[in-house]
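Beneath this line is the structure, given in structure tokens, with notes to follow.
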Amino acid sequence: MIHTLENVIREHPFFRDLPDHLLEIITGCAKNVEFPEGQVLLQEGDPANEFYFIRKGLVSVELLIPNRGPTTVQTIGEGEILGWSWVSPPYRWHFNARTLESTRALVFDGKCLRTKCEQDYQLGYELLKRFATVITGRLDATRLQLMDIYGQHS
Amino acid sequence: MANILEQEVSEQVATDPMVPQLFRTERLKHETDDTFTMSLVPTNENCRISFLPGQFNMLYIFGVGEVPISISGDPAITSALEHTTRSVGMVTKRMGLLKPGELVGVRGPYGTHWPVSENEGRDFVIVSGGIGLAPLRPVLYHMMAQREKYRKIVLLYGARTPEDILYKRELERWRGKFDLEVQVTVDRAASGWRGNVGVVTPLVARAPFNPANTVALLCGPEVMMRFAVMDLQKRGVPAERIYLSMERNMKCALGYCGHCQYGPTFVCKDGPVFRFDTIASIFGKGEI
């Protein structure tokens with residue numbers, strides 16, 4: 001099979017079972033990108049106008065803590081989605097994100113998709129449903145992380 | 001007279017499962033700040049060590065007490081036993097101070113084992129957290145020694161911090177081999193760490209294995225295993241091919257005392273390794 005942008009998007013579990021016409025809209029807002037190690041992808045406080053589907057590589061999601069410097073709270077790897085602040089106001093990044101190694105990704109124009117979602121509620125619902133799953137997974141993971149499950153009393 | 005006594009003791013040891021055999025501490029290696037691996041050799045020259053990956057021994061520190069500890073060494077080695085544990089209670093804290101030559105009582109091996117040889121030709125995904133890697137290390141030794149018998153082998157391992165990672169050198173060696181996928185993640189890391197950060201369970205979603213032909217082996221905190229089971233099932237691994245090592249308060253290791261009762265089973269003799277579908281109805285229930 002030829003790895004067109006549409007095929008790559010269609011095969012990803014995040015977009016599975018999307019109707020063709022919605023897939024076409026989403027593909028129209030996507031492009032292939034490649035980043036070297038150390039590239040800053042998201043900067044806390046900046047406008048959140050895109051999201052990424054990581055195809056290869058590793059990205060760290062970081063918070064800058066005074067006197068401690070950048071602290072990694074999570075890493076996002078192959079097959080995972082990075083960035084959901086484009087979905088909800090005020091559309092600003094809450095974290096920084098930086099590549100830990102050379103990374104290939106698809107970047108989606110969130111600003112363009114936001115406008116299209118307002119015009120097409122089916123698209124909006126399908127995308128929000130999928131982002132809700134990603135957010136739920138991250139929330140579960142964060143709760144586990146907070147529990148310090150490998151500690152002495154685990 | 002002494003010989004008769006030794007013979008009597010030896011016969012008693014052979015017949016009474018409550019009587020420990022004497023082993024001598026060969027060495028003690030500190031893996032992290034609070035975990036260590038003991039290497040023990042039998043005092044009886046005729047004793048040949050034999051165990052299956054996943055089984056445990058009852059280790060007795062004279063005058064202190066006895067605790068169940070998983071065997072973490074290579075099952076192909078018949079001259080010495082290895083156990084890795086964390087200094088957490090009175091007995092394990094004393095164990096952490098063992099000097100070469102000191103005697104330890106050993107009963108076992110006990111319990112069920114990981115279904116490794118029974119599943120030749122399949123993919124394996126091993127999900128472990130913290131000290132939970134120890135009972136799975138014999139599986140890795142076994143499979144790496146007979147690599148051609150298995151398809152993909154994926155080890156997903158979560159630790160608290162980079163300093164808490166067990167068997168660092170071995171993990172690096174295994175990762176260096178192209179026929180074993182090792183993914184390590186930590187809950188917290190300083191800025192120098194260049195690997196994964198986050199819990200181990202999300203790694204299941206992106207791990208390279210074929211769910212239709214995969215056996216999953218899980219060992220770690222129970223809450224971690226609960227989420228790992230969900231993620232494995234989401235990927236399509238059937239319940240009858242997911243195995244977990246459960247932990248309860250084991251005392252006799254023979255199913256007599258009932259301390260380790262887990263629903264209708266005893267972890268010491270029906271476990272510690274359970275097939276998930278056989279405990280699914282009680283797994284994660286707070287009152288059990």
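Chains: A, B, ... in order of the structure tokens. Residues: from 1 per chain. Ligands: from 1, in order shown.
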- Message: Residues of chain B were defined as contacting chain A if any atom lay at most 6 Å from it, counting only C-alpha atoms; please report them as a VMD selection string.
- Response: chain B and resid 130 160 187 196 to 199
Go ahead and save the picked residues with C-alpha atoms, as a compact mmCIF listing (two decimals), in the first residue's frame.
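Writing the result to out16.txt gives the following:
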```txt
# COMPACT_ATOMS: atom_id res chain seq x y z
CA GLY B 130 9.31 -1.68 40.43
CA ARG B 160 9.97 5.31 40.27
CA ASP B 187 7.57 8.31 37.14
CA ASN B 196 10.34 7.77 28.78
CA VAL B 197 8.59 9.53 31.66
CA GLY B 198 5.16 8.37 32.81
CA VAL B 199 3.58 5.15 34.03
```
Selection: 6 Å around region 28-41 of chain A, only C-alpha atoms, excl. self and same-chain fewer than 6 positions, as a compact mmCIF listing (two decimals) with N, CA and C atoms, in the first residue's frame:
```
# COMPACT_ATOMS: atom_id res chain seq x y z
N ALA A 97 6.79 21.56 25.14
CA ALA A 97 7.11 20.23 24.59
C ALA A 97 8.36 20.35 23.73
N ARG A 98 9.24 19.35 23.87
CA ARG A 98 10.55 19.39 23.21
C ARG A 98 10.91 17.99 22.75
N THR A 99 11.47 17.89 21.56
CA THR A 99 11.85 16.56 21.07
C THR A 99 13.10 16.07 21.82
N LEU A 100 13.07 14.81 22.23
CA LEU A 100 14.23 14.22 22.90
C LEU A 100 15.13 13.50 21.91
N GLU A 101 14.59 13.26 20.73
CA GLU A 101 15.37 12.65 19.65
C GLU A 101 14.78 13.13 18.35
N SER A 102 15.44 12.83 17.26
CA SER A 102 14.91 13.21 15.95
C SER A 102 13.48 12.62 15.82
N THR A 103 12.55 13.45 15.42
CA THR A 103 11.13 13.04 15.48
C THR A 103 10.41 13.36 14.17
N ARG A 104 9.64 12.36 13.73
CA ARG A 104 8.76 12.57 12.56
C ARG A 104 7.32 12.60 13.05
N ALA A 105 6.53 13.51 12.48
CA ALA A 105 5.14 13.64 12.96
C ALA A 105 4.24 14.14 11.85
N LEU A 106 2.95 14.04 12.10
CA LEU A 106 1.99 14.76 11.28
C LEU A 106 1.51 15.91 12.14
N VAL A 107 1.47 17.10 11.58
CA VAL A 107 0.94 18.23 12.34
C VAL A 107 -0.41 18.61 11.73
N PHE A 108 -1.36 18.85 12.60
CA PHE A 108 -2.72 19.19 12.15
C PHE A 108 -3.00 20.64 12.52
N ASP A 109 -3.54 21.38 11.58
CA ASP A 109 -3.88 22.78 11.81
C ASP A 109 -5.14 22.85 12.67
```
- Message: Given only C-alpha atoms as the basis, pick out the residue of B:Lys29, B:Lys93, B:Arg248, B:Lys269 nearest to Pro109 (chain B).
- Response: B:Lys269
- Task: May I have all residues of chain A that DSSP, computed from the backbone, assigns to helix (DSSP H, G or I), given as a PyMOL selection string?
- Result: chain A and resi 5-11+13-15+20-28+110-119+121-146
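Counting only C-alpha atoms, the residue from B:Met18, B:Leu28, B:Ala280, B:Leu136 that sits nearest to Gly255 (chain B) is B:Met18.
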- Query: Which residues, written as a PyMOL selection string, have at least one atom at most 12 Å from Cys117 (chain A), with only C-alpha atoms counted and residues fewer than 4 positions away on the same chain left out?
  - Reply: chain A and resi 22+25-26+87+110-113+121-128
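One distance worth recording is that between CA of Arg169 (chain B) and CA of Val127 (chain B), which is 18.8 Å.
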- Sel. of strand (DSSP E) residues, region 72-205 of chain B, as a ChimeraX atom specification: /B:81-86,103-110,123-129,153-159,181-186,196-197
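Considering only C-alpha atoms, the residue among B:Ala159, B:Leu133, B:Met58, B:Met143 positioned nearest to Arg188 (chain B) is B:Ala159.
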